[in-house]
file work-v5.cif (mmCIF, C-alpha atoms)
data_query
#
loop_
_atom_site.group_PDB
_atom_site.id
_atom_site.type_symbol
_atom_site.label_atom_id
_atom_site.label_comp_id
_atom_site.auth_asym_id
_atom_site.auth_seq_id
_atom_site.Cartn_x
_atom_site.Cartn_y
_atom_site.Cartn_z
ATOM 1 C CA ILE A 25 1.824 7.184 12.466
ATOM 2 C CA GLY A 26 3.702 10.390 13.045
ATOM 3 C CA ASN A 27 4.869 10.136 16.668
ATOM 4 C CA GLN A 28 1.803 8.140 17.709
ATOM 5 C CA VAL A 29 1.651 4.375 18.212
ATOM 6 C CA TRP A 30 -1.841 2.962 17.614
ATOM 7 C CA MET A 31 -3.080 -0.580 18.077
ATOM 8 C CA THR A 32 -3.743 -2.204 14.703
ATOM 9 C CA GLU A 33 -7.045 -3.810 15.635
ATOM 10 C CA ASN A 34 -10.194 -2.903 17.496
ATOM 11 C CA LEU A 35 -10.262 -3.544 21.217
ATOM 12 C CA ASN A 36 -11.554 -6.979 22.186
ATOM 13 C CA VAL A 37 -11.358 -7.143 25.991
ATOM 14 C CA ASP A 38 -13.990 -8.214 28.504
ATOM 15 C CA LYS A 39 -12.181 -7.019 31.638
ATOM 16 C CA PHE A 40 -11.068 -3.614 32.797
ATOM 17 C CA ARG A 41 -7.354 -3.008 33.336
ATOM 18 C CA ASN A 42 -7.768 -3.785 37.060
ATOM 19 C CA GLY A 43 -9.282 -7.213 36.278
ATOM 20 C CA ASP A 44 -12.941 -6.377 36.982
ATOM 21 C CA PRO A 45 -15.294 -7.867 34.371
ATOM 22 C CA ILE A 46 -17.066 -5.588 31.920
ATOM 23 C CA PRO A 47 -20.696 -6.727 31.669
ATOM 24 C CA GLU A 48 -21.684 -8.263 28.343
ATOM 25 C CA ALA A 49 -25.100 -7.136 27.112
ATOM 26 C CA LYS A 50 -26.482 -10.097 25.170
ATOM 27 C CA THR A 51 -29.987 -8.722 24.614
ATOM 28 C CA ASP A 52 -31.529 -5.405 23.641
ATOM 29 C CA GLU A 53 -33.005 -5.201 27.138
ATOM 30 C CA GLU A 54 -29.596 -5.619 28.802
ATOM 31 C CA TRP A 55 -28.058 -3.055 26.450
ATOM 32 C CA GLU A 56 -30.857 -0.558 27.081
ATOM 33 C CA LYS A 57 -30.647 -1.038 30.862
ATOM 34 C CA ALA A 58 -26.876 -0.418 30.860
ATOM 35 C CA GLY A 59 -27.397 2.824 28.921
ATOM 36 C CA GLU A 60 -30.233 4.019 31.119
ATOM 37 C CA ASN A 61 -28.170 3.334 34.244
ATOM 38 C CA LYS A 62 -25.004 4.798 32.687
ATOM 39 C CA GLN A 63 -23.149 1.538 33.278
ATOM 40 C CA PRO A 64 -20.388 0.022 31.151
ATOM 41 C CA ALA A 65 -21.294 -2.711 28.682
ATOM 42 C CA TRP A 66 -19.959 -4.466 25.616
ATOM 43 C CA CYS A 67 -21.370 -6.759 22.944
ATOM 44 C CA TYR A 68 -20.410 -8.492 19.736
ATOM 45 C CA TYR A 69 -21.910 -7.145 16.543
ATOM 46 C CA ASP A 70 -25.225 -9.004 16.138
ATOM 47 C CA ASN A 71 -24.364 -10.736 19.434
ATOM 48 C CA ASP A 72 -22.329 -13.199 17.345
ATOM 49 C CA THR A 73 -18.963 -14.300 18.773
ATOM 50 C CA VAL A 74 -17.586 -14.809 15.253
ATOM 51 C CA ASN A 75 -17.768 -11.049 14.770
ATOM 52 C CA GLY A 76 -15.642 -10.533 17.885
ATOM 53 C CA SER A 77 -12.615 -12.312 16.468
ATOM 54 C CA LYS A 78 -12.893 -10.331 13.234
ATOM 55 C CA LEU A 79 -14.119 -6.897 14.382
ATOM 56 C CA GLY A 80 -13.484 -6.724 18.122
ATOM 57 C CA LYS A 81 -16.190 -5.755 20.588
ATOM 58 C CA LEU A 82 -18.561 -2.803 20.594
ATOM 59 C CA TYR A 83 -18.521 -0.757 23.805
ATOM 60 C CA ASN A 84 -20.778 1.916 25.183
ATOM 61 C CA TRP A 85 -19.064 5.136 26.250
ATOM 62 C CA TYR A 86 -19.547 4.254 29.913
ATOM 63 C CA ALA A 87 -17.014 1.443 29.412
ATOM 64 C CA VAL A 88 -14.694 3.810 27.526
ATOM 65 C CA SER A 89 -14.737 6.411 30.304
ATOM 66 C CA ASP A 90 -14.690 4.027 33.280
ATOM 67 C CA SER A 91 -11.927 4.874 35.767
ATOM 68 C CA ARG A 92 -10.866 1.195 35.958
ATOM 69 C CA GLY A 93 -9.363 1.574 32.481
ATOM 70 C CA LEU A 94 -10.562 -0.060 29.289
ATOM 71 C CA ALA A 95 -7.270 0.101 27.385
ATOM 72 C CA PRO A 96 -4.404 -2.303 28.172
ATOM 73 C CA VAL A 97 -1.543 -1.204 30.417
ATOM 74 C CA GLY A 98 0.640 1.320 28.582
ATOM 75 C CA TYR A 99 -2.245 2.443 26.341
ATOM 76 C CA HIS A 100 -5.265 4.706 26.633
ATOM 77 C CA ILE A 101 -8.380 5.620 24.682
ATOM 78 C CA PRO A 102 -7.488 8.547 22.397
ATOM 79 C CA THR A 103 -8.845 12.028 22.959
ATOM 80 C CA LYS A 104 -10.473 14.095 20.256
ATOM 81 C CA GLU A 105 -7.163 15.964 19.885
ATOM 82 C CA GLU A 106 -5.164 12.737 19.455
ATOM 83 C CA TRP A 107 -7.536 11.620 16.711
ATOM 84 C CA GLU A 108 -7.141 15.011 15.045
ATOM 85 C CA LEU A 109 -3.343 14.659 15.121
ATOM 86 C CA LEU A 110 -3.624 11.208 13.527
ATOM 87 C CA ILE A 111 -5.761 12.622 10.729
ATOM 88 C CA ASP A 112 -3.406 15.587 10.233
ATOM 89 C CA ASN A 113 -0.426 13.198 10.024
ATOM 90 C CA LEU A 114 -2.186 11.389 7.168
ATOM 91 C CA GLY A 115 -2.956 14.486 5.124
ATOM 92 C CA GLY A 116 -6.298 15.622 6.527
ATOM 93 C CA ASN A 117 -9.923 14.520 6.522
ATOM 94 C CA LYS A 118 -10.240 13.912 2.782
ATOM 95 C CA THR A 119 -7.190 11.661 2.407
ATOM 96 C CA ALA A 120 -6.717 10.016 5.819
ATOM 97 C CA GLY A 121 -9.754 7.736 5.629
ATOM 98 C CA ASN A 122 -8.462 5.781 2.636
ATOM 99 C CA LYS A 123 -5.070 5.406 4.329
ATOM 100 C CA LEU A 124 -6.648 4.118 7.562
ATOM 101 C CA ILE A 125 -9.146 1.564 6.296
ATOM 102 C CA SER A 126 -8.231 -2.007 5.511
ATOM 103 C CA SER A 127 -7.607 -3.228 2.000
ATOM 104 C CA ILE A 128 -10.222 -5.983 2.449
ATOM 105 C CA GLY A 129 -13.578 -6.467 4.147
ATOM 106 C CA TRP A 130 -15.565 -3.449 2.984
ATOM 107 C CA ASN A 131 -18.811 -3.923 1.058
ATOM 108 C CA ASN A 132 -19.107 -2.735 -2.539
ATOM 109 C CA ASN A 133 -15.327 -2.962 -3.001
ATOM 110 C CA ARG A 134 -14.822 0.244 -0.976
ATOM 111 C CA ASN A 135 -11.579 -1.035 0.498
ATOM 112 C CA GLY A 136 -8.841 1.421 1.340
ATOM 113 C CA THR A 137 -5.089 1.300 0.880
ATOM 114 C CA ASN A 138 -4.256 0.852 4.597
ATOM 115 C CA VAL A 139 -0.843 2.418 3.929
ATOM 116 C CA SER A 140 -0.849 3.617 7.546
ATOM 117 C CA GLY A 141 -1.114 0.063 8.925
ATOM 118 C CA PHE A 142 -4.120 1.110 11.041
ATOM 119 C CA ASN A 143 -6.265 -1.639 9.452
ATOM 120 C CA GLY A 144 -9.667 -0.004 9.980
ATOM 121 C CA LEU A 145 -12.453 -2.538 9.501
ATOM 122 C CA PRO A 146 -16.137 -1.740 8.908
ATOM 123 C CA GLY A 147 -17.389 -2.905 12.309
ATOM 124 C CA GLY A 148 -20.755 -1.136 12.270
ATOM 125 C CA ARG A 149 -22.414 -0.078 15.501
ATOM 126 C CA ARG A 150 -25.101 -0.856 18.001
ATOM 127 C CA TYR A 151 -27.421 2.082 17.619
ATOM 128 C CA THR A 152 -29.424 3.177 20.633
ATOM 129 C CA TYR A 153 -32.009 5.898 20.715
ATOM 130 C CA GLY A 154 -34.635 5.420 23.391
ATOM 131 C CA SER A 155 -36.198 2.036 22.768
ATOM 132 C CA ASP A 156 -34.860 1.859 19.194
ATOM 133 C CA ILE A 157 -31.892 -0.503 19.523
ATOM 134 C CA LYS A 158 -30.395 -2.220 16.520
ATOM 135 C CA PHE A 159 -27.169 -3.349 14.921
ATOM 136 C CA GLU A 160 -26.385 -1.586 11.682
ATOM 137 C CA LEU A 161 -23.827 -0.793 9.011
ATOM 138 C CA GLU A 162 -21.355 -3.674 9.499
ATOM 139 C CA GLY A 163 -19.409 -3.959 6.249
ATOM 140 C CA ASN A 164 -20.191 -0.331 5.394
ATOM 141 C CA CYS A 165 -18.987 1.906 8.228
ATOM 142 C CA SER A 166 -16.496 2.207 11.055
ATOM 143 C CA PHE A 167 -17.186 4.147 14.234
ATOM 144 C CA TRP A 168 -14.488 4.718 16.885
ATOM 145 C CA TRP A 169 -15.036 6.376 20.244
ATOM 146 C CA SER A 170 -12.816 9.111 21.567
ATOM 147 C CA SER A 171 -12.412 9.609 25.297
ATOM 148 C CA SER A 172 -13.663 13.193 24.923
ATOM 149 C CA GLY A 173 -17.156 14.068 26.007
ATOM 150 C CA HIS A 174 -19.362 16.470 24.083
ATOM 151 C CA SER A 175 -22.304 17.017 26.455
ATOM 152 C CA PRO A 176 -23.794 15.154 29.447
ATOM 153 C CA ASP A 177 -25.376 12.506 27.174
ATOM 154 C CA HIS A 178 -23.105 12.611 24.082
ATOM 155 C CA SER A 179 -19.450 11.963 23.244
ATOM 156 C CA TRP A 180 -17.236 12.463 20.210
ATOM 157 C CA PHE A 181 -16.425 9.716 17.725
ATOM 158 C CA TRP A 182 -14.847 9.301 14.275
ATOM 159 C CA PRO A 183 -16.939 7.631 11.550
ATOM 160 C CA ILE A 184 -15.821 6.406 8.146
ATOM 161 C CA ASP A 185 -18.501 5.228 5.746
ATOM 162 C CA ASP A 186 -18.299 3.512 2.398
ATOM 163 C CA GLY A 187 -20.111 6.313 0.598
ATOM 164 C CA GLU A 188 -17.296 8.746 1.305
ATOM 165 C CA ILE A 189 -13.955 7.643 2.628
ATOM 166 C CA ILE A 190 -13.718 10.859 4.601
ATOM 167 C CA LEU A 191 -13.133 11.226 8.309
ATOM 168 C CA TYR A 192 -15.201 13.769 10.151
ATOM 169 C CA TRP A 193 -16.086 14.422 13.760
ATOM 170 C CA ASN A 194 -19.493 13.576 15.051
ATOM 171 C CA TYR A 195 -21.085 12.909 18.396
ATOM 172 C CA CYS A 196 -23.668 10.415 19.521
ATOM 173 C CA PHE A 197 -25.449 9.065 22.555
ATOM 174 C CA ARG A 198 -23.123 7.466 25.068
ATOM 175 C CA ALA A 199 -25.393 4.413 25.125
ATOM 176 C CA ASN A 200 -24.425 3.517 21.534
ATOM 177 C CA GLY A 201 -22.027 0.636 20.926
ATOM 178 C CA LEU A 202 -18.966 1.623 18.901
ATOM 179 C CA SER A 203 -15.519 0.181 18.281
ATOM 180 C CA VAL A 204 -12.513 1.327 20.284
ATOM 181 C CA ARG A 205 -8.873 1.817 19.351
ATOM 182 C CA SER A 206 -6.084 2.352 21.837
ATOM 183 C CA ILE A 207 -3.047 4.585 21.553
ATOM 184 C CA LYS A 208 0.241 4.161 23.410
ATOM 185 C CA ASP A 209 0.804 6.401 26.449
#
call {"tool": "encode", "arguments": {"input": "work-v5.cif", "output": "structure tokens"}}
result
Amino acid sequence: IGNQVWMTENLNVDKFRNGDPIPEAKTDEEWEKAGENKQPAWCYYDNDTVNGSKLGKLYNWYAVSDSRGLAPVGYHIPTKEEWELLIDNLGGNKTAGNKLISSIGWNNNRNGTNVSGFNGLPGGRRYTYGSDIKFELEGNCSFWWSSSGHSPDHSWFWPIDDGEIILYWNYCFRANGLSVRSIKD
């Protein structure tokens, strides 16, 4: 897409680039503890392995930013600026979303054209705010981390929802579980 080479599916790894395991958080308690301790973690949406093969894993930002490397060799997690370039290459916020999302899999027949080949699926998120931890929006929204921080407790991400196929920047707690895409170095 432009001069960028993006992976065509969400990241689905359970080891860092150096081979160290990334802890799986199978319960709300494990997920909350990882966030409180600012430790990397991943999970499947609804803790269901079937969702992993379809949607990839959800990672907290501590996994994204870990110095051991979450992305495969030759790739990295995109910065806010790299996401912005992707969106610009596809015509801007109001048109890029439809070109990035898959032509199947979205609720309410809100599928996109996927002309970019990005194949964005509605993977939902693991929402974390204090003790309120839940899975939500699978089938309706996509959320992808950037490697760019926003504040000590928040980082930037790109959401696409089925109400508006528009991309826009937002930030959220680093303890949330979002999908990850990699871009070639």
call {"tool": "residues_near_point", "arguments": {"input": "work-v5.cif", "point": "(-4.3, 7.6, 11.8)", "cutoff": "9 Å", "atoms": "all atoms listed in the file", "output": "list in words"}}
result
Ile25, Gly26, Gln28, Trp30, Trp107, Glu108, Leu109, Leu110, Ile111, Asp112, Asn113, Leu114, Ala120, Gly121, Lys123, Leu124, Ser140, Gly141 and Phe142 of chain A
call {"tool": "closest_residue", "arguments": {"input": "work-v5.cif", "among": "A:His178, A:Arg205, A:Arg198, A:Arg92", "to": "Glu60 of chain A", "atoms": "all atoms listed in the file"}}
result
A:Arg198
call {"tool": "atom_distance", "arguments": {"input": "work-v5.cif", "atom1": "atom CA of Asn200 of chain A", "atom2": "atom CA of Glu105 of chain A"}}
result
21.3 Å
call {"tool": "closest_residue", "arguments": {"input": "work-v5.cif", "among": "A:Phe40, A:Tyr192, A:Lys81, A:Arg150", "to": "Lys118 of chain A", "atoms": "all atoms listed in the file"}}
result
A:Tyr192
call {"tool": "resolve_selection", "arguments": {"input": "work-v5.cif", "expression": "the PyMOL selection byres ((chain A and resi 177) around 9)", "output": "PyMOL selection string"}}
result
chain A and resi 173-176+178-179+196-199
call {"tool": "resolve_selection", "arguments": {"input": "work-v5.cif", "expression": "the PyMOL selection byres ((chain A and resi 125) around 9)", "output": "short mmCIF file (atom, residue, chain, number, x, y, z; two decimals) with C-alpha atoms, in the coordinates of the input"}}
result
data_model
loop_
_atom_site.label_atom_id
_atom_site.label_comp_id
_atom_site.auth_asym_id
_atom_site.auth_seq_id
_atom_site.Cartn_x
_atom_site.Cartn_y
_atom_site.Cartn_z
CA ALA A 120 -6.72 10.02 5.82
CA GLY A 121 -9.75 7.74 5.63
CA ASN A 122 -8.46 5.78 2.64
CA LYS A 123 -5.07 5.41 4.33
CA LEU A 124 -6.65 4.12 7.56
CA SER A 126 -8.23 -2.01 5.51
CA SER A 127 -7.61 -3.23 2.00
CA ILE A 128 -10.22 -5.98 2.45
CA TRP A 130 -15.56 -3.45 2.98
CA ASN A 135 -11.58 -1.03 0.50
CA GLY A 136 -8.84 1.42 1.34
CA THR A 137 -5.09 1.30 0.88
CA ASN A 138 -4.26 0.85 4.60
CA VAL A 139 -0.84 2.42 3.93
CA SER A 140 -0.85 3.62 7.55
CA GLY A 141 -1.11 0.06 8.93
CA PHE A 142 -4.12 1.11 11.04
CA ASN A 143 -6.26 -1.64 9.45
CA GLY A 144 -9.67 0.00 9.98
CA LEU A 145 -12.45 -2.54 9.50
CA PRO A 146 -16.14 -1.74 8.91
CA SER A 166 -16.50 2.21 11.06
CA ILE A 184 -15.82 6.41 8.15
CA ILE A 189 -13.96 7.64 2.63
#
call {"tool": "residues_around", "arguments": {"input": "work-v5.cif", "residues": "Asn84 of chain A", "least_positions_apart": "3", "cutoff": "8 Å", "atoms": "only C-alpha atoms", "output": "PDB file with C-alpha atoms, keeping the file's coordinate frame"}}
result
ATOM      1  CA  GLY A  59     -27.397   2.824  28.921  1.00  0.00           C
ATOM      2  CA  PRO A  64     -20.388   0.022  31.151  1.00  0.00           C
ATOM      3  CA  ALA A  65     -21.294  -2.711  28.682  1.00  0.00           C
ATOM      4  CA  TRP A  66     -19.959  -4.466  25.616  1.00  0.00           C
ATOM      5  CA  ALA A  87     -17.014   1.443  29.412  1.00  0.00           C
ATOM      6  CA  VAL A  88     -14.694   3.810  27.526  1.00  0.00           C
ATOM      7  CA  ARG A 198     -23.123   7.466  25.068  1.00  0.00           C
ATOM      8  CA  ALA A 199     -25.393   4.413  25.125  1.00  0.00           C
ATOM      9  CA  ASN A 200     -24.425   3.517  21.534  1.00  0.00           C
ATOM     10  CA  GLY A 201     -22.027   0.636  20.926  1.00  0.00           C
ATOM     11  CA  LEU A 202     -18.966   1.623  18.901  1.00  0.00           C
TER      12      LEU A 202
END
call {"tool": "atom_distance", "arguments": {"input": "work-v5.cif", "atom1": "atom CA of Arg134 of chain A", "atom2": "atom CA of Thr103 of chain A"}}
result
27.3 Å
call {"tool": "closest_residue", "arguments": {"input": "work-v5.cif", "among": "A:Cys165, A:Ile101, A:Ile46, A:Met31", "to": "Ala58 of chain A", "atoms": "all atoms listed in the file"}}
result
A:Ile46
call {"tool": "atom_distance", "arguments": {"input": "work-v5.cif", "atom1": "atom CA of Asp156 of chain A", "atom2": "atom CA of Glu54 of chain A"}}
result
13.3 Å
call {"tool": "residues_around", "arguments": {"input": "work-v5.cif", "residues": "Asn164 of chain A", "least_positions_apart": "3", "cutoff": "7 Å", "atoms": "all atoms listed in the file", "output": "tab-separated table (two decimals) with C-alpha atoms, in the frame of the given file"}}
result
chain	number	residue	atom	x	y	z
A	130	TRP	CA	-15.56	-3.45	2.98
A	131	ASN	CA	-18.81	-3.92	1.06
A	146	PRO	CA	-16.14	-1.74	8.91
A	148	GLY	CA	-20.76	-1.14	12.27
A	161	LEU	CA	-23.83	-0.79	9.01
A	185	ASP	CA	-18.50	5.23	5.75
A	186	ASP	CA	-18.30	3.51	2.40
call {"tool": "closest_residue", "arguments": {"input": "work-v5.cif", "among": "A:Pro96, A:Pro183, A:Pro47, A:Gly147", "to": "Leu82 of chain A", "atoms": "all atoms listed in the file"}}
result
A:Gly147
call {"tool": "closest_residue", "arguments": {"input": "work-v5.cif", "among": "A:Ser171, A:Lys208, A:Trp193, A:Glu33", "to": "Lys78 of chain A", "atoms": "all atoms listed in the file"}}
result
A:Glu33
call {"tool": "residues_around", "arguments": {"input": "work-v5.cif", "residues": "Asn42 of chain A", "least_positions_apart": "4", "cutoff": "12 Å", "atoms": "only C-alpha atoms", "output": "short mmCIF file (atom, residue, chain, number, x, y, z; two decimals) with C-alpha atoms, in the frame of the given file"}}
result
data_model
loop_
_atom_site.label_atom_id
_atom_site.label_comp_id
_atom_site.auth_asym_id
_atom_site.auth_seq_id
_atom_site.Cartn_x
_atom_site.Cartn_y
_atom_site.Cartn_z
CA ASP A 38 -13.99 -8.21 28.50
CA ILE A 46 -17.07 -5.59 31.92
CA ASP A 90 -14.69 4.03 33.28
CA SER A 91 -11.93 4.87 35.77
CA ARG A 92 -10.87 1.20 35.96
CA GLY A 93 -9.36 1.57 32.48
CA LEU A 94 -10.56 -0.06 29.29
CA ALA A 95 -7.27 0.10 27.38
CA PRO A 96 -4.40 -2.30 28.17
CA VAL A 97 -1.54 -1.20 30.42
#
call {"tool": "closest_residue", "arguments": {"input": "work-v5.cif", "among": "A:Tyr99, A:Thr152, A:Gly163, A:Leu79", "to": "Asp52 of chain A", "atoms": "all atoms listed in the file"}}
result
A:Thr152
